[in-house]
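> Pasting a structure below so you can have a look.
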Amino acid sequence: MNTTTPIFDVIIVGGGLAGLSSAIHLSTKALHVLVIEKNSYPRHKVCGEYISNEVLPYLNYLGVDVFQLGAKHINEFQLSSTTGKLLSTRLPLGGFGISRYCLDAAMANHAIESGANLLEGVVENITYENDLFSVKTKDQGVFQAKIVIGAYGKRAQLDRQLQRKFIASKSPYLAVKTHVEGDFSENVVALHNFRGGYCGASKVENDHINLCYITNFRAFKKHKNIQEFQEHVLYKNHHLETLFNNTNPVFEQPLTISQISFEAKKPIENHILMCGDTAALIHPLCGNGMSMAMRSAQIASELILKYYRDKDFTRNKLETQYTKAWTANFKSRLKTGQLIARVFNAPKASEAALKGLKWFPSLLPYIIKQTHGELMQVP
Ligand SMILES: Cc1cc2nc3c(=O)[nH]c(=O)nc-3n(C[C@H](O)[C@H](O)[C@H](O)COP(=O)(O)OP(=O)(O)OC[C@H]3O[C@@H](n4cnc5c(N)ncnc54)[C@H](O)[C@@H]3O)c2cc1C
């Protein structure tokens, strides 16, 4: 063990939106924070890149101005069925479009400016003994802290080491993302269904259109490659055919990820506070995984500050209150997300749902509200 390294107040494993929000929040309140992130910035990530406005008060509080970075204001939602029937509605709260390439890098810079230490490295193991965590990295030794936040995303080797239940089962979902150039209204986020999945479309800061779809391996494996899958499956929805055929790709190759699991996880494991996707992943069709990541980071950060300020606020209280607040904030929207995903996974149910929504248009904003939170409150 590297005995010369200081003991940090907080080590954050993973520098995505959850990890970086916590890093900025805690560093500005003078805690000694180390973020360990395995990749360098900037970097593209598989993500729809539409963020609900619910996070704006918190981002302002953290000192991150997404509109200065060029984020697009989005206030209209379009939804189409597998056969291309289209519905549109105004988004109750609205959102904005910004690439992860831009946002994560800006937040990482701001975390450093706020006083956080950022280390590029892979965390291999986290152990807890005598009220202290030891975080072992692949090449940079071991770091210690009183508190560890797990913000390493959907799935990692670390989940095996922590013997988390969800990691034992294979997940059938995979996702593909690309950026293209072409015509698309910048105030719109669209969700176009196809047999076996759905594809989101919205603009980001540099006018590129993000096209990101999720499907299951069963639907995908019948086809030779991504292009053939798109032509044979996605293009059956003419909105998708138009989006892919009438635009020019910006990426040489689309990005892909697999093993996307929506199984339940726990917000605390071995005393580690899990934030963002490490605590739970909502179906991307709800379009608010990123706001959940930031909201969970805010909840964890406020409680960690209390832990350091108030001697009576023990570790046990910290863990109990985090679990309680996490459950109150996210349990119900995760459930609604699962229900909606089930409907849209079944072509007949999805057509029927679209028909129903055409008759009762006010239901759509109501459903959107069920999967989103209110504007985040800041002190
Ligand atoms: C297909 C798809 C589309 C989506 N579209 C949207 C959308 O439009 N809107 C929305 O709000 N949400 C969307 N989401 C969800 C959103 O992407 C996530 O909820 C969000 O990225 C979670 O942020 P995070 O910080 O928890 O995790 P991440 O952003 O994944 O960050 C985790 C970080 O941890 C690092 N890491 C992992 N393992 C280690 C390790 N061992 N050591 C060090 N670092 C490590 C990774 O490199 C990564 O940078 C989508 C998800 C998918 C799959």
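Residues in the structure tokens are named by chain (A, B, ... in the order shown) and by number from 1 within that chain; ligands are numbered from 1 in the order shown.
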Show which residues sit within 12 Å of segment 311-314 of chain A, as a list in words. Count only C-alpha atoms, and ignore same-chain residues fewer than 6 positions away.

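Residues near the query, excluding close chain neighbours: Asp131, Lys146, Ile147, Leu303, Ile304, Leu305, Thr320 and Gln321 of chain A.
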
> Near Phe133 of chain A, within 9 Å and counting only C-alpha atoms, which residues show up once chain neighbours fewer than 2 positions away are dropped, as a VMD selection string?

chain A and resid 11 126 to 131 135 143 to 148 272

> Find the residues around Leu375 of chain A up to 9 Å (only C-alpha atoms counted), leave out those fewer than 5 positions away in its own chain, and share them as a list of chain:residue names.

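Non-adjacent residues within range: A:Asn53, A:Glu54, A:Val55, A:Leu56, A:Pro57, A:Tyr58, A:Leu93.
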
> Would you mind exporting the chosen residues as a PDB file, in the first residue's frame, restricted to N, CA and C atoms?


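Result went into out37.pdb, see below:
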ATOM      1  N   ASN A  53     -34.742  19.560 -18.030  1.00  0.00           N
ATOM      2  CA  ASN A  53     -34.451  20.850 -17.367  1.00  0.00           C
ATOM      3  C   ASN A  53     -34.475  20.773 -15.850  1.00  0.00           C
ATOM      4  N   GLU A  54     -34.953  19.646 -15.298  1.00  0.00           N
ATOM      5  CA  GLU A  54     -35.021  19.567 -13.832  1.00  0.00           C
ATOM      6  C   GLU A  54     -33.654  19.801 -13.185  1.00  0.00           C
ATOM      7  N   VAL A  55     -32.567  19.565 -13.962  1.00  0.00           N
ATOM      8  CA  VAL A  55     -31.220  19.700 -13.364  1.00  0.00           C
ATOM      9  C   VAL A  55     -30.688  21.130 -13.405  1.00  0.00           C
ATOM     10  N   LEU A  56     -31.362  22.023 -14.139  1.00  0.00           N
ATOM     11  CA  LEU A  56     -30.765  23.364 -14.337  1.00  0.00           C
ATOM     12  C   LEU A  56     -30.439  24.111 -13.041  1.00  0.00           C
ATOM     13  N   PRO A  57     -31.353  24.120 -12.032  1.00  0.00           N
ATOM     14  CA  PRO A  57     -30.985  24.833 -10.804  1.00  0.00           C
ATOM     15  C   PRO A  57     -29.710  24.254 -10.166  1.00  0.00           C
ATOM     16  N   TYR A  58     -29.567  22.928 -10.240  1.00  0.00           N
ATOM     17  CA  TYR A  58     -28.384  22.311  -9.624  1.00  0.00           C
ATOM     18  C   TYR A  58     -27.118  22.632 -10.426  1.00  0.00           C
ATOM     19  N   LEU A  93     -41.702  20.158 -18.763  1.00  0.00           N
ATOM     20  CA  LEU A  93     -40.625  20.942 -18.148  1.00  0.00           C
ATOM     21  C   LEU A  93     -39.568  21.348 -19.189  1.00  0.00           C
TER      22      LEU A  93
END

> Using only C-alpha atoms and all ligand atoms for the distances, tell me which of A:Ala156, A:Ala346, A:Ala105, A:Val142 is nearest to ligand 1.

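Nearest candidate to ligand 1 out of A:Ala156, A:Ala346, A:Ala105, A:Val142: A:Ala156.
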
> Determine which residues of segment 15-105 of chain A receive a DSSP assignment of helix (DSSP H, G or I), computed from the backbone, and state them as an MDAnalysis selection string.

chainID A and resid 17:28 53:62 100:105
